[in-house]
Amino acid sequence: MNLYDFDKTIYLYDSSRKFYFFCLKKKPKLWWHLFKTAYYGLLKTFKIIPLKKFKEKLFSIVKYIPDLDKIVSSFWDNEILFINEWYFEKREKDDVICSASPRFLLEDIVKRINIDAKLICSEIDKNTGLYLPNFENCKGDYKVVLLKQNNLLSFNEGYSDSNSDIPMLKLCRKKFRVTKGKISVFEKSYFE
């Protein structure tokens with residue numbers, strides 16, 4: 001069983017960011033939302049609000065998109081080209097994909113690239129943009145919490161682009177860093 005981050009690992013970019021701008025392109029009347037998001041982005045940058053609050057403000061755009069599932073599908077129709085080719089060579093039925101991006105955004109593409117993969121991700125209401133009760137942003141140590149809740153405790157290989165995933169990579173026998181689509185061995189010093 002192998003464990004993968006999604007954004008900038010399996011997928012070349014940050015899917016939440018790209019999807020947000022895709023929504024603005026498809027729904028030009030929502031450009032006003034960008035100013036709201038930029039304001040809360042500044043508050044997050046200066047640590048006035050936490051990342052979770054910022055993401056709720058970012059994803060509040062879903063309240064104004066009645067055809068969200070259609071927009072998500074259209075987004076992945078375009079973006080599937082940016083799934084790293086090496087994933088198709090490595091994928092297995094028991095893969096686990098663990099991401100900070102929301103389920104409503106990732107379910108479609110995960111089914112397309114590996115219908116049997118288990119998806120662990122941020123649980124955000126696709127009608128409001130708010131996190132579901134008792135859920136946090138699926139990042140860092142919280143990824144490990146969610147993996148353990150799903151009895152996913154040990155993996156052969158783990159892949160990520162980010163040092164924030166070191167806690168989840170500690171569950172993997174072999175650890176790999178992905179940088180701009182290229183795989184290298186994760187530095188051992190991070191795990192000593």
# chains A, B, ... in the order shown; residues from 1 in each chain; ligands from 1
>>> select_by_dssp(residues="stretch 52-152 of chain A", states="helix (DSSP H, G or I)", output="JSON, numbers by chain")
{"A": [52, 53, 54, 55, 56, 57, 58, 59, 60, 61, 62, 63, 64, 68, 69, 70, 71, 72, 73, 74, 75, 76, 77, 78, 79, 80, 81, 82, 85, 86, 87, 88, 89, 90, 103, 104, 105, 106, 107, 108, 109, 110, 111, 112, 113, 141, 142, 143, 144, 145, 146, 147, 148, 149]}
>>> residues_around(residues="A:Tyr11", least_positions_apart="4", cutoff="12 Å", atoms="only C-alpha atoms", output="PyMOL selection string")
chain A and resi 4-7+15-16+18+76+79-88+97+99+101+106+109-110+113+159-161+178-182
>>> select_by_dssp(residues="stretch 82-186 of chain A", states="strand (DSSP E or B)", output="PDB file with N, CA and C atoms, in the first residue's frame")
ATOM      1  N   ILE A  83      -1.900  15.612 -14.415  1.00  0.00           N
ATOM      2  CA  ILE A  83      -1.611  14.510 -13.496  1.00  0.00           C
ATOM      3  C   ILE A  83      -0.260  13.959 -13.946  1.00  0.00           C
ATOM      4  N   VAL A  96      -3.588   5.136  -1.235  1.00  0.00           N
ATOM      5  CA  VAL A  96      -4.270   6.098  -0.382  1.00  0.00           C
ATOM      6  C   VAL A  96      -3.790   7.486  -0.803  1.00  0.00           C
ATOM      7  N   ILE A  97      -4.738   8.361  -1.100  1.00  0.00           N
ATOM      8  CA  ILE A  97      -4.424   9.741  -1.474  1.00  0.00           C
ATOM      9  C   ILE A  97      -4.924  10.628  -0.349  1.00  0.00           C
ATOM     10  N   CYS A  98      -4.002  11.397   0.226  1.00  0.00           N
ATOM     11  CA  CYS A  98      -4.304  12.207   1.404  1.00  0.00           C
ATOM     12  C   CYS A  98      -3.989  13.669   1.092  1.00  0.00           C
ATOM     13  N   SER A  99      -5.000  14.530   1.140  1.00  0.00           N
ATOM     14  CA  SER A  99      -4.839  15.898   0.655  1.00  0.00           C
ATOM     15  C   SER A  99      -5.566  16.914   1.523  1.00  0.00           C
ATOM     16  N   ALA A 100      -5.039  18.130   1.522  1.00  0.00           N
ATOM     17  CA  ALA A 100      -5.707  19.241   2.207  1.00  0.00           C
ATOM     18  C   ALA A 100      -6.848  19.813   1.366  1.00  0.00           C
ATOM     19  N   SER A 101      -6.890  19.473   0.093  1.00  0.00           N
ATOM     20  CA  SER A 101      -7.976  19.963  -0.758  1.00  0.00           C
ATOM     21  C   SER A 101      -9.290  19.275  -0.384  1.00  0.00           C
ATOM     22  N   PRO A 102     -10.418  19.898  -0.701  1.00  0.00           N
ATOM     23  CA  PRO A 102     -11.711  19.350  -0.268  1.00  0.00           C
ATOM     24  C   PRO A 102     -12.189  18.160  -1.093  1.00  0.00           C
ATOM     25  N   LYS A 118      -8.265   5.019  -1.993  1.00  0.00           N
ATOM     26  CA  LYS A 118      -8.945   5.578  -0.816  1.00  0.00           C
ATOM     27  C   LYS A 118      -8.562   7.052  -0.729  1.00  0.00           C
ATOM     28  N   LEU A 119      -9.561   7.926  -0.574  1.00  0.00           N
ATOM     29  CA  LEU A 119      -9.324   9.369  -0.498  1.00  0.00           C
ATOM     30  C   LEU A 119      -9.547   9.868   0.924  1.00  0.00           C
ATOM     31  N   ILE A 120      -8.506  10.453   1.501  1.00  0.00           N
ATOM     32  CA  ILE A 120      -8.565  11.116   2.803  1.00  0.00           C
ATOM     33  C   ILE A 120      -8.270  12.590   2.513  1.00  0.00           C
ATOM     34  N   CYS A 121      -9.189  13.489   2.912  1.00  0.00           N
ATOM     35  CA  CYS A 121      -8.987  14.891   2.534  1.00  0.00           C
ATOM     36  C   CYS A 121      -9.780  15.811   3.452  1.00  0.00           C
ATOM     37  N   SER A 122      -9.695  17.100   3.171  1.00  0.00           N
ATOM     38  CA  SER A 122     -10.474  18.070   3.938  1.00  0.00           C
ATOM     39  C   SER A 122     -11.962  17.871   3.648  1.00  0.00           C
ATOM     40  N   ILE A 124     -15.180  19.573   3.502  1.00  0.00           N
ATOM     41  CA  ILE A 124     -15.780  20.900   3.382  1.00  0.00           C
ATOM     42  C   ILE A 124     -17.135  20.766   2.691  1.00  0.00           C
ATOM     43  N   TYR A 131     -16.086  23.953   6.797  1.00  0.00           N
ATOM     44  CA  TYR A 131     -15.662  22.618   7.210  1.00  0.00           C
ATOM     45  C   TYR A 131     -16.820  21.918   7.910  1.00  0.00           C
ATOM     46  N   PHE A 155       2.570   2.030   5.455  1.00  0.00           N
ATOM     47  CA  PHE A 155       2.625   2.086   4.001  1.00  0.00           C
ATOM     48  C   PHE A 155       4.007   1.681   3.515  1.00  0.00           C
ATOM     49  N   ASN A 156       4.058   1.167   2.310  1.00  0.00           N
ATOM     50  CA  ASN A 156       5.342   0.832   1.718  1.00  0.00           C
ATOM     51  C   ASN A 156       6.061   2.109   1.269  1.00  0.00           C
ATOM     52  N   GLU A 157       5.416   2.868   0.382  1.00  0.00           N
ATOM     53  CA  GLU A 157       6.027   4.091  -0.138  1.00  0.00           C
ATOM     54  C   GLU A 157       5.119   5.285   0.117  1.00  0.00           C
ATOM     55  N   GLY A 158       5.740   6.458   0.331  1.00  0.00           N
ATOM     56  CA  GLY A 158       5.007   7.704   0.512  1.00  0.00           C
ATOM     57  C   GLY A 158       5.587   8.788  -0.376  1.00  0.00           C
ATOM     58  N   TYR A 159       4.709   9.626  -0.941  1.00  0.00           N
ATOM     59  CA  TYR A 159       5.123  10.668  -1.882  1.00  0.00           C
ATOM     60  C   TYR A 159       4.509  12.002  -1.490  1.00  0.00           C
ATOM     61  N   SER A 160       5.338  13.045  -1.454  1.00  0.00           N
ATOM     62  CA  SER A 160       4.849  14.389  -1.164  1.00  0.00           C
ATOM     63  C   SER A 160       5.829  15.435  -1.689  1.00  0.00           C
ATOM     64  N   CYS A 172       5.535   5.636   6.414  1.00  0.00           N
ATOM     65  CA  CYS A 172       5.958   4.941   5.186  1.00  0.00           C
ATOM     66  C   CYS A 172       7.375   4.392   5.333  1.00  0.00           C
ATOM     67  N   ARG A 173       7.579   3.217   4.763  1.00  0.00           N
ATOM     68  CA  ARG A 173       8.911   2.606   4.789  1.00  0.00           C
ATOM     69  C   ARG A 173       9.879   3.395   3.892  1.00  0.00           C
ATOM     70  N   LYS A 174       9.430   3.757   2.693  1.00  0.00           N
ATOM     71  CA  LYS A 174      10.248   4.559   1.777  1.00  0.00           C
ATOM     72  C   LYS A 174       9.545   5.888   1.562  1.00  0.00           C
ATOM     73  N   LYS A 175      10.336   6.965   1.543  1.00  0.00           N
ATOM     74  CA  LYS A 175       9.767   8.312   1.455  1.00  0.00           C
ATOM     75  C   LYS A 175      10.346   9.047   0.250  1.00  0.00           C
ATOM     76  N   PHE A 176       9.455   9.617  -0.571  1.00  0.00           N
ATOM     77  CA  PHE A 176       9.903  10.285  -1.790  1.00  0.00           C
ATOM     78  C   PHE A 176       9.356  11.705  -1.868  1.00  0.00           C
ATOM     79  N   ARG A 177      10.235  12.602  -2.310  1.00  0.00           N
ATOM     80  CA  ARG A 177       9.854  13.997  -2.526  1.00  0.00           C
ATOM     81  C   ARG A 177       9.547  14.183  -4.013  1.00  0.00           C
ATOM     82  N   VAL A 178       8.491  14.925  -4.289  1.00  0.00           N
ATOM     83  CA  VAL A 178       8.142  15.250  -5.667  1.00  0.00           C
ATOM     84  C   VAL A 178       8.330  16.752  -5.859  1.00  0.00           C
ATOM     85  N   THR A 179       9.159  17.109  -6.821  1.00  0.00           N
ATOM     86  CA  THR A 179       9.436  18.513  -7.120  1.00  0.00           C
ATOM     87  C   THR A 179       9.208  18.750  -8.602  1.00  0.00           C
ATOM     88  N   LYS A 182       9.068  15.648 -10.670  1.00  0.00           N
ATOM     89  CA  LYS A 182      10.212  14.737 -10.603  1.00  0.00           C
ATOM     90  C   LYS A 182      10.318  14.127  -9.204  1.00  0.00           C
ATOM     91  N   ILE A 183      10.638  12.847  -9.140  1.00  0.00           N
ATOM     92  CA  ILE A 183      10.718  12.121  -7.870  1.00  0.00           C
ATOM     93  C   ILE A 183      12.171  11.972  -7.440  1.00  0.00           C
ATOM     94  N   SER A 184      12.409  12.223  -6.150  1.00  0.00           N
ATOM     95  CA  SER A 184      13.722  11.960  -5.550  1.00  0.00           C
ATOM     96  C   SER A 184      13.486  11.392  -4.157  1.00  0.00           C
ATOM     97  N   VAL A 185      14.521  10.805  -3.576  1.00  0.00           N
ATOM     98  CA  VAL A 185      14.402  10.260  -2.230  1.00  0.00           C
ATOM     99  C   VAL A 185      14.337  11.424  -1.243  1.00  0.00           C
TER     100      VAL A 185
END
>>> closest_residue(among="A:Ser60, A:Ser164, A:Ser73, A:Asn151", to="A:Arg112", atoms="only C-alpha atoms")
A:Ser73
>>> closest_residue(among="A:Leu42, A:Asp141, A:Phe186, A:Phe104", to="A:Lys70", atoms="only C-alpha atoms")
A:Phe104
>>> closest_residue(among="A:Tyr64, A:Phe54, A:Phe135, A:Tyr142", to="A:Lys26", atoms="only C-alpha atoms")
A:Tyr64
>>> closest_residue(among="A:Asn2, A:Ala38, A:Leu24, A:Pro50", to="A:Leu169", atoms="only C-alpha atoms")
A:Asn2
>>> decode(residues="stretch 157-169 of chain A", atoms="all heavy atoms", output="mmCIF file, in the first residue's frame")
data_model
loop_
_atom_site.group_PDB
_atom_site.id
_atom_site.type_symbol
_atom_site.label_atom_id
_atom_site.label_comp_id
_atom_site.auth_asym_id
_atom_site.auth_seq_id
_atom_site.Cartn_x
_atom_site.Cartn_y
_atom_site.Cartn_z
ATOM 1 N N GLU A 157 5.416 2.868 0.382
ATOM 2 C CA GLU A 157 6.027 4.091 -0.138
ATOM 3 C C GLU A 157 5.119 5.285 0.117
ATOM 4 O O GLU A 157 3.893 5.158 0.119
ATOM 5 C CB GLU A 157 6.268 3.971 -1.650
ATOM 6 C CG GLU A 157 7.244 2.878 -2.020
ATOM 7 C CD GLU A 157 7.432 2.728 -3.529
ATOM 8 O OE1 GLU A 157 6.737 3.432 -4.316
ATOM 9 O OE2 GLU A 157 8.271 1.913 -3.925
ATOM 10 N N GLY A 158 5.740 6.458 0.331
ATOM 11 C CA GLY A 158 5.007 7.704 0.512
ATOM 12 C C GLY A 158 5.587 8.788 -0.376
ATOM 13 O O GLY A 158 6.805 8.872 -0.538
ATOM 14 N N TYR A 159 4.709 9.626 -0.941
ATOM 15 C CA TYR A 159 5.123 10.668 -1.882
ATOM 16 C C TYR A 159 4.509 12.002 -1.490
ATOM 17 O O TYR A 159 3.310 12.097 -1.245
ATOM 18 C CB TYR A 159 4.652 10.317 -3.303
ATOM 19 C CG TYR A 159 5.271 9.063 -3.848
ATOM 20 C CD1 TYR A 159 4.758 7.808 -3.501
ATOM 21 C CD2 TYR A 159 6.365 9.120 -4.702
ATOM 22 C CE1 TYR A 159 5.323 6.646 -3.999
ATOM 23 C CE2 TYR A 159 6.938 7.959 -5.205
ATOM 24 C CZ TYR A 159 6.410 6.723 -4.845
ATOM 25 O OH TYR A 159 6.973 5.577 -5.342
ATOM 26 N N SER A 160 5.338 13.045 -1.454
ATOM 27 C CA SER A 160 4.849 14.389 -1.164
ATOM 28 C C SER A 160 5.829 15.435 -1.689
ATOM 29 O O SER A 160 7.020 15.162 -1.834
ATOM 30 C CB SER A 160 4.667 14.588 0.338
ATOM 31 O OG SER A 160 4.265 15.927 0.594
ATOM 32 N N ASP A 161 5.304 16.622 -1.898
ATOM 33 C CA ASP A 161 6.140 17.746 -2.310
ATOM 34 C C ASP A 161 6.582 18.588 -1.114
ATOM 35 O O ASP A 161 7.428 19.458 -1.245
ATOM 36 C CB ASP A 161 5.351 18.665 -3.256
ATOM 37 C CG ASP A 161 4.227 19.383 -2.525
ATOM 38 O OD1 ASP A 161 3.349 18.701 -1.970
ATOM 39 O OD2 ASP A 161 4.228 20.625 -2.476
ATOM 40 N N SER A 162 6.020 18.328 0.068
ATOM 41 C CA SER A 162 6.111 19.299 1.158
ATOM 42 C C SER A 162 6.639 18.729 2.469
ATOM 43 O O SER A 162 6.281 17.613 2.863
ATOM 44 C CB SER A 162 4.716 19.879 1.398
ATOM 45 O OG SER A 162 4.696 20.716 2.513
ATOM 46 N N ASN A 163 7.423 19.538 3.169
ATOM 47 C CA ASN A 163 7.883 19.166 4.513
ATOM 48 C C ASN A 163 6.719 19.067 5.499
ATOM 49 O O ASN A 163 6.825 18.397 6.517
ATOM 50 C CB ASN A 163 8.898 20.182 5.035
ATOM 51 C CG ASN A 163 10.229 20.081 4.322
ATOM 52 O OD1 ASN A 163 10.464 19.168 3.539
ATOM 53 N ND2 ASN A 163 11.098 21.039 4.568
ATOM 54 N N SER A 164 5.600 19.731 5.196
ATOM 55 C CA SER A 164 4.447 19.645 6.105
ATOM 56 C C SER A 164 3.884 18.228 6.145
ATOM 57 O O SER A 164 3.130 17.880 7.052
ATOM 58 C CB SER A 164 3.360 20.652 5.710
ATOM 59 O OG SER A 164 2.759 20.280 4.486
ATOM 60 N N ASP A 165 4.257 17.396 5.169
ATOM 61 C CA ASP A 165 3.787 16.007 5.145
ATOM 62 C C ASP A 165 4.740 15.032 5.834
ATOM 63 O O ASP A 165 4.514 13.817 5.804
ATOM 64 C CB ASP A 165 3.537 15.556 3.705
ATOM 65 C CG ASP A 165 2.232 16.099 3.158
ATOM 66 O OD1 ASP A 165 1.306 16.353 3.954
ATOM 67 O OD2 ASP A 165 2.132 16.267 1.922
ATOM 68 N N ILE A 166 5.773 15.534 6.468
ATOM 69 C CA ILE A 166 6.704 14.646 7.173
ATOM 70 C C ILE A 166 5.972 13.764 8.188
ATOM 71 O O ILE A 166 6.258 12.562 8.265
ATOM 72 C CB ILE A 166 7.864 15.449 7.807
ATOM 73 C CG1 ILE A 166 8.794 15.925 6.676
ATOM 74 C CG2 ILE A 166 8.620 14.631 8.843
ATOM 75 C CD1 ILE A 166 9.863 16.888 7.079
ATOM 76 N N PRO A 167 4.999 14.285 8.965
ATOM 77 C CA PRO A 167 4.296 13.382 9.895
ATOM 78 C C PRO A 167 3.662 12.169 9.209
ATOM 79 O O PRO A 167 3.787 11.046 9.681
ATOM 80 C CB PRO A 167 3.235 14.283 10.530
ATOM 81 C CG PRO A 167 3.824 15.660 10.455
ATOM 82 C CD PRO A 167 4.570 15.680 9.144
ATOM 83 N N MET A 168 3.009 12.379 8.064
ATOM 84 C CA MET A 168 2.382 11.225 7.389
ATOM 85 C C MET A 168 3.435 10.338 6.738
ATOM 86 O O MET A 168 3.282 9.119 6.683
ATOM 87 C CB MET A 168 1.305 11.659 6.390
ATOM 88 C CG MET A 168 1.772 12.039 5.030
ATOM 89 S SD MET A 168 0.373 12.215 3.880
ATOM 90 C CE MET A 168 1.284 12.385 2.354
ATOM 91 N N LEU A 169 4.527 10.928 6.259
ATOM 92 C CA LEU A 169 5.568 10.125 5.621
ATOM 93 C C LEU A 169 6.283 9.223 6.627
ATOM 94 O O LEU A 169 6.865 8.208 6.245
ATOM 95 C CB LEU A 169 6.571 11.026 4.900
ATOM 96 C CG LEU A 169 6.031 11.743 3.653
ATOM 97 C CD1 LEU A 169 7.071 12.701 3.100
ATOM 98 C CD2 LEU A 169 5.575 10.755 2.595
#
